[in-house]
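Colleague: Sharing a structure with you now.
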Amino acid sequence: MSDGRSSRIIVGWVPDFPVVAAGPEGPEPVAVVHRDEVVACSAAARAAGVRRRMRVRVAQSRCAHLRVVERDLAAEIRVFEPAVRHVEGTVMPRLEVIRPGLIAAPAHGPARYWGGEPQLADRLVAALTEVGLPARAGIADSVFAAALAARTGAVVPHGGEAAWLAPYPVGVLGVPRLAELLRRLGIRTVGAYAALPEAKVLARFGAEGITAHRTARGRHDRPLAVRADTEAHTVAYSFEPAAGLLEPVVFAAKTSAEQLHERLAAAGVVCARLEAAVELADGRTLSRIFRHEGRLSALAVAERVRGVLQAWADAGLLDTGGEQGIMRLALRPEQMTTATGRQSALFGERHTPEEIERAAARVQAMLGHRAVVRVELGGGRGPADQVRLVPFGDLDTGPRPPDGPWPGRLPTPHPATVFPHWLPADLTDAGGRQVAVSGRMALSAAPDRLAVEGYGGAPVEGWAGPWPVLEWWWDDDRSRRIARMQITAADGRAWLLVVEHGRWWAEAHYG
């Protein structure tokens, strides 16, 4: 009988790999960003106060000489692919690429070959170091714990995962909304969460919470095995004649991925891994395995295929003389399990039909992640603060709760139009001088004429205010001191004006 060690997992991790892929790291601080958010930063940038998930503007305010690099996932795959091939050829023959810079593989067989788990971890680190990648490795009973152990190069004892995870903060479980709620309830460590009764966790936090709870307890329930033929769900595309360019293969990968998703959905299954294989005209076959878990869209699959193909082309693997070109592309799902669906109303979210989710995901794949948004109410004093546009599929992590109190909040009626960017305005007195607002909220003179860029000018008929707003005064990066006024003009328009640093702006229009 097996003692359970056959399920041991080893994870190899290259810290800050997006920075490594962006170019040689020197003394200059570097931050790799995606959608205006830092996804990785160099040691020099961290020493200056830059952190992951930080907005670019905040990061630049903390580090004046920060070099900002836009993330290129295809380039990361190309840079990492030679390291993957080297590990396959020198340490273990088959592994999974979780993402560029992070790989996982079963540890039982390789550990027996290399003389034990610590020796296997040392060999994996050495192999990655041989190709110029500073790496760490961790071993545990699950991919989650092994990836966490790789941060410190630890080997978690078999069966001791729960005790090893106990001191970590609940944020490592990877469920931000759940972690935020647990912290508000005073549950701050994984061990404290694991100590809660399972039935209570299921009743209060639902399927997502119970999955995290089992992870915290070191329990890894085996999913229901599906008696399905992997080859029956494989999608292949043949090229006649052989494709010599990469773009047709990438296009075929996206089309094939859509067909694969449709087949899996029709069968009621989801795959944990996806193998992309190409057959070359000279008879060779090249393949790469990606972790899927139902999260990769057709476009995401195509991007990964593009990155791997480009890496193979750069390494000369697609051009070895004789017959050239790609004859066949195949996408093969692995480790299929029952698609259990998900429960999405545990924390107040509205249920979204699957057809809408699929349509929104396709639009986002074509036009960008922020192309489809939903409206969420938020807290704040101005009209622009009280509505947030959250990308579809993202959790609303806005820091301002809609319920107050919000002293100084603008009263109703609300403006008809809130400008995404304030419009320059001029508010002058009868002598043509700009109206100023003192620190005691006193006007230098009665407003006589208002001109807003793009709307022309008109005499002022009435006004209300000014009202002061002082926010985030304790934070140099976010502090704001402004005053607001409501102005009605002779042309029938009504405006919400803002004065900041002596300049007037139009924030909103009442119609």
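Going by the structure tokens order, chains are called A, B, ..., each with residues numbered from 1, while ligands are numbered from 1 in the order shown.
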Write out as number ranges by chain which residues come within 9 Å of Arg78 in chain A when counting only C-alpha atoms, dropping same-chain ones fewer than 4 positions away.
Modeller: A: 21, 73-74, 82, 100, 307-312, 314
Colleague: Any chance you can output those residues with all heavy atoms as a PDB file, in the first residue's frame?
Modeller:
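Below you can see part.pdb, which holds the result:
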```
ATOM      1  N   ALA A  21      12.939  38.607 -16.822  1.00  0.00           N
ATOM      2  CA  ALA A  21      12.637  38.525 -18.251  1.00  0.00           C
ATOM      3  C   ALA A  21      12.716  39.880 -18.935  1.00  0.00           C
ATOM      4  O   ALA A  21      12.915  39.955 -20.150  1.00  0.00           O
ATOM      5  CB  ALA A  21      11.245  37.919 -18.450  1.00  0.00           C
ATOM      6  N   LEU A  73       3.909  38.978 -21.476  1.00  0.00           N
ATOM      7  CA  LEU A  73       3.797  37.572 -21.100  1.00  0.00           C
ATOM      8  C   LEU A  73       4.458  36.656 -22.123  1.00  0.00           C
ATOM      9  O   LEU A  73       5.110  35.665 -21.766  1.00  0.00           O
ATOM     10  CB  LEU A  73       2.323  37.195 -20.931  1.00  0.00           C
ATOM     11  CG  LEU A  73       2.034  35.758 -20.480  1.00  0.00           C
ATOM     12  CD1 LEU A  73       2.699  35.459 -19.153  1.00  0.00           C
ATOM     13  CD2 LEU A  73       0.533  35.510 -20.407  1.00  0.00           C
ATOM     14  N   ALA A  74       4.318  36.986 -23.412  1.00  0.00           N
ATOM     15  CA  ALA A  74       4.938  36.141 -24.442  1.00  0.00           C
ATOM     16  C   ALA A  74       6.456  36.141 -24.299  1.00  0.00           C
ATOM     17  O   ALA A  74       7.108  35.102 -24.455  1.00  0.00           O
ATOM     18  CB  ALA A  74       4.534  36.632 -25.836  1.00  0.00           C
ATOM     19  N   PRO A  82      13.740  27.861 -22.344  1.00  0.00           N
ATOM     20  CA  PRO A  82      15.011  27.115 -22.292  1.00  0.00           C
ATOM     21  C   PRO A  82      15.297  26.518 -20.911  1.00  0.00           C
ATOM     22  O   PRO A  82      15.854  25.412 -20.817  1.00  0.00           O
ATOM     23  CB  PRO A  82      16.054  28.183 -22.659  1.00  0.00           C
ATOM     24  CG  PRO A  82      15.302  29.199 -23.449  1.00  0.00           C
ATOM     25  CD  PRO A  82      13.939  29.242 -22.835  1.00  0.00           C
ATOM     26  N   PRO A 100       5.212  31.394 -16.129  1.00  0.00           N
ATOM     27  CA  PRO A 100       6.643  31.618 -16.313  1.00  0.00           C
ATOM     28  C   PRO A 100       7.318  31.974 -14.995  1.00  0.00           C
ATOM     29  O   PRO A 100       6.904  32.882 -14.287  1.00  0.00           O
ATOM     30  CB  PRO A 100       6.679  32.801 -17.296  1.00  0.00           C
ATOM     31  CG  PRO A 100       5.409  32.683 -18.061  1.00  0.00           C
ATOM     32  CD  PRO A 100       4.392  32.186 -17.080  1.00  0.00           C
ATOM     33  N   GLY A 307       3.908  32.185 -27.245  1.00  0.00           N
ATOM     34  CA  GLY A 307       5.150  32.350 -26.510  1.00  0.00           C
ATOM     35  C   GLY A 307       6.057  31.142 -26.621  1.00  0.00           C
ATOM     36  O   GLY A 307       7.273  31.265 -26.824  1.00  0.00           O
ATOM     37  N   VAL A 308       5.475  29.926 -26.494  1.00  0.00           N
ATOM     38  CA  VAL A 308       6.284  28.710 -26.577  1.00  0.00           C
ATOM     39  C   VAL A 308       6.825  28.518 -27.988  1.00  0.00           C
ATOM     40  O   VAL A 308       7.997  28.157 -28.184  1.00  0.00           O
ATOM     41  CB  VAL A 308       5.453  27.495 -26.128  1.00  0.00           C
ATOM     42  CG1 VAL A 308       6.189  26.204 -26.427  1.00  0.00           C
ATOM     43  CG2 VAL A 308       5.150  27.583 -24.643  1.00  0.00           C
ATOM     44  N   LEU A 309       6.000  28.747 -29.003  1.00  0.00           N
ATOM     45  CA  LEU A 309       6.464  28.599 -30.386  1.00  0.00           C
ATOM     46  C   LEU A 309       7.608  29.561 -30.683  1.00  0.00           C
ATOM     47  O   LEU A 309       8.592  29.200 -31.342  1.00  0.00           O
ATOM     48  CB  LEU A 309       5.304  28.846 -31.356  1.00  0.00           C
ATOM     49  CG  LEU A 309       4.226  27.760 -31.420  1.00  0.00           C
ATOM     50  CD1 LEU A 309       3.106  28.196 -32.348  1.00  0.00           C
ATOM     51  CD2 LEU A 309       4.805  26.435 -31.880  1.00  0.00           C
ATOM     52  N   GLN A 310       7.479  30.806 -30.203  1.00  0.00           N
ATOM     53  CA  GLN A 310       8.540  31.774 -30.440  1.00  0.00           C
ATOM     54  C   GLN A 310       9.825  31.351 -29.741  1.00  0.00           C
ATOM     55  O   GLN A 310      10.931  31.518 -30.273  1.00  0.00           O
ATOM     56  CB  GLN A 310       8.104  33.154 -29.958  1.00  0.00           C
ATOM     57  CG  GLN A 310       9.067  34.280 -30.351  1.00  0.00           C
ATOM     58  CD  GLN A 310       9.168  34.427 -31.847  1.00  0.00           C
ATOM     59  OE1 GLN A 310       8.168  34.654 -32.524  1.00  0.00           O
ATOM     60  NE2 GLN A 310      10.377  34.294 -32.381  1.00  0.00           N
ATOM     61  N   ALA A 311       9.683  30.793 -28.521  1.00  0.00           N
ATOM     62  CA  ALA A 311      10.868  30.304 -27.805  1.00  0.00           C
ATOM     63  C   ALA A 311      11.519  29.160 -28.559  1.00  0.00           C
ATOM     64  O   ALA A 311      12.751  29.092 -28.671  1.00  0.00           O
ATOM     65  CB  ALA A 311      10.482  29.872 -26.387  1.00  0.00           C
ATOM     66  N   TRP A 312      10.722  28.237 -29.079  1.00  0.00           N
ATOM     67  CA  TRP A 312      11.280  27.134 -29.864  1.00  0.00           C
ATOM     68  C   TRP A 312      11.939  27.644 -31.138  1.00  0.00           C
ATOM     69  O   TRP A 312      12.989  27.145 -31.544  1.00  0.00           O
ATOM     70  CB  TRP A 312      10.167  26.136 -30.206  1.00  0.00           C
ATOM     71  CG  TRP A 312       9.709  25.325 -29.036  1.00  0.00           C
ATOM     72  CD1 TRP A 312      10.396  25.090 -27.880  1.00  0.00           C
ATOM     73  CD2 TRP A 312       8.458  24.636 -28.898  1.00  0.00           C
ATOM     74  NE1 TRP A 312       9.650  24.310 -27.029  1.00  0.00           N
ATOM     75  CE2 TRP A 312       8.463  24.003 -27.630  1.00  0.00           C
ATOM     76  CE3 TRP A 312       7.345  24.487 -29.709  1.00  0.00           C
ATOM     77  CZ2 TRP A 312       7.393  23.248 -27.172  1.00  0.00           C
ATOM     78  CZ3 TRP A 312       6.277  23.727 -29.257  1.00  0.00           C
ATOM     79  CH2 TRP A 312       6.295  23.117 -28.001  1.00  0.00           C
ATOM     80  N   ASP A 314      13.282  30.653 -31.586  1.00  0.00           N
ATOM     81  CA  ASP A 314      14.518  31.332 -31.214  1.00  0.00           C
ATOM     82  C   ASP A 314      15.628  30.341 -30.891  1.00  0.00           C
ATOM     83  O   ASP A 314      16.815  30.636 -31.097  1.00  0.00           O
ATOM     84  CB  ASP A 314      14.283  32.253 -30.008  1.00  0.00           C
ATOM     85  CG  ASP A 314      13.350  33.413 -30.338  1.00  0.00           C
ATOM     86  OD1 ASP A 314      13.150  33.680 -31.549  1.00  0.00           O
ATOM     87  OD2 ASP A 314      12.815  34.034 -29.400  1.00  0.00           O
TER      88      ASP A 314
END
```
Colleague: Leaving out Ala451 in chain A and any residue of its chain fewer than 3 positions from it, which residues lie within 8 Å of it when counting only C-alpha atoms, given as JSON, numbers by chain?
Modeller: {"A": [425, 426, 427, 455, 456, 457, 458]}
Colleague: Those selected residues, please, written with N, CA, C and O atoms and delivered as a short mmCIF file (atom, residue, chain, number, x, y, z; two decimals), in the first residue's frame.
Modeller:
```cif
data_model
loop_
_atom_site.label_atom_id
_atom_site.label_comp_id
_atom_site.auth_asym_id
_atom_site.auth_seq_id
_atom_site.Cartn_x
_atom_site.Cartn_y
_atom_site.Cartn_z
N ALA A 425 -11.86 75.73 -16.10
CA ALA A 425 -12.91 76.74 -16.01
C ALA A 425 -12.32 78.05 -15.49
O ALA A 425 -11.26 78.05 -14.83
N ASP A 426 -13.00 79.15 -15.78
CA ASP A 426 -12.64 80.47 -15.28
C ASP A 426 -13.86 81.08 -14.61
O ASP A 426 -14.91 81.23 -15.24
N LEU A 427 -13.72 81.44 -13.34
CA LEU A 427 -14.78 82.10 -12.59
C LEU A 427 -14.24 83.48 -12.21
O LEU A 427 -13.31 83.59 -11.41
N TYR A 455 -17.68 74.73 -23.53
CA TYR A 455 -19.07 75.13 -23.34
C TYR A 455 -19.26 76.64 -23.44
O TYR A 455 -20.40 77.12 -23.30
N GLY A 456 -18.20 77.38 -23.64
CA GLY A 456 -18.33 78.82 -23.73
C GLY A 456 -18.52 79.47 -22.37
O GLY A 456 -18.37 78.84 -21.32
N GLY A 457 -18.87 80.76 -22.39
CA GLY A 457 -19.06 81.52 -21.16
C GLY A 457 -20.44 82.12 -21.07
O GLY A 457 -21.15 82.28 -22.08
N ALA A 458 -20.85 82.47 -19.85
CA ALA A 458 -22.16 83.08 -19.62
C ALA A 458 -22.12 83.78 -18.27
O ALA A 458 -21.33 83.41 -17.37
#
```
Colleague: Give me the residues within 10 Å of range 165-175 of chain A as a PyMOL selection string, counting only C-alpha atoms and dropping any in the same chain fewer than 2 places off.
Modeller: chain A and resi 144-145+148-149+156+160-163+177-180+182-183+187-195+208-209+211-213+215-218
Colleague: Which distance in Å separates CA of Arg57 in chain A and CA of Ala22 in chain A, to one decimal?
Modeller: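 We find that CA of Arg57 in chain A and CA of Ala22 in chain A lie 20.0 Å from each other.
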Colleague: Any idea what's packed within 8 Å of Arg291 in chain A, counting only C-alpha atoms, ignoring anything in its chain fewer than 6 positions away? Could you give it as a list of chain:residue names?
Modeller: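 Within the cut-off, the hits are A:Glu96, A:Val97, A:Ile98, A:Arg99, A:Ala272, A:Arg273, A:Leu274.
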Colleague: Generate a file of the selected residues that holds N, CA and C atoms, formatted as an mmCIF file, in the first residue's frame.
Modeller:
```
data_model
loop_
_atom_site.group_PDB
_atom_site.id
_atom_site.type_symbol
_atom_site.label_atom_id
_atom_site.label_comp_id
_atom_site.auth_asym_id
_atom_site.auth_seq_id
_atom_site.Cartn_x
_atom_site.Cartn_y
_atom_site.Cartn_z
ATOM 1 N N GLU A 96 5.047 20.540 -14.979
ATOM 2 C CA GLU A 96 4.014 21.500 -15.352
ATOM 3 C C GLU A 96 4.558 22.915 -15.207
ATOM 4 N N VAL A 97 4.207 23.763 -16.173
ATOM 5 C CA VAL A 97 4.514 25.181 -16.063
ATOM 6 C C VAL A 97 3.272 25.874 -15.520
ATOM 7 N N ILE A 98 3.303 26.242 -14.253
ATOM 8 C CA ILE A 98 2.165 26.936 -13.664
ATOM 9 C C ILE A 98 2.060 28.342 -14.247
ATOM 10 N N ARG A 99 3.188 29.006 -14.320
ATOM 11 C CA ARG A 99 3.315 30.294 -15.010
ATOM 12 C C ARG A 99 4.807 30.503 -15.238
ATOM 13 N N ALA A 272 -7.438 20.016 -15.520
ATOM 14 C CA ALA A 272 -6.478 20.708 -14.668
ATOM 15 C C ALA A 272 -5.251 21.142 -15.449
ATOM 16 N N ARG A 273 -4.923 20.383 -16.509
ATOM 17 C CA ARG A 273 -3.748 20.703 -17.306
ATOM 18 C C ARG A 273 -4.110 20.624 -18.782
ATOM 19 N N LEU A 274 -3.332 21.343 -19.588
ATOM 20 C CA LEU A 274 -3.563 21.364 -21.025
ATOM 21 C C LEU A 274 -2.217 21.213 -21.722
#
```
Colleague: Fewer than 5 positions away in the same chain doesn't count, so skip those; otherwise give me all residues within 10 Å of Ile487 in chain A, counting only C-alpha atoms, as a ChimeraX atom specification.
Modeller: /A:427,447,449-450,460-465,493-497,509-510
Colleague: If we count only C-alpha atoms, what is near range 477-483 of chain A at a cut-off of 6 Å, once residues fewer than 6 positions away on the same chain are taken out, given as a count of residues only?
Modeller: 9
Colleague: Write down as a VMD selection string the residues of range 79-271 of chain A whose backbone DSSP state falls under helix (DSSP H, G or I).
Modeller: chain A and resid 79 to 90 108 to 114 117 to 130 143 to 150 161 to 165 170 to 173 176 to 184 190 to 194 198 to 216 230 to 233 246 to 267
Colleague: Can you pull out the residues contacting Arg94 in chain A? Cut-off 9 Å, using only C-alpha atoms, and skip same-chain residues under 6 positions away; I want them as a ChimeraX atom specification.
Modeller: /A:87-88,105-106,289
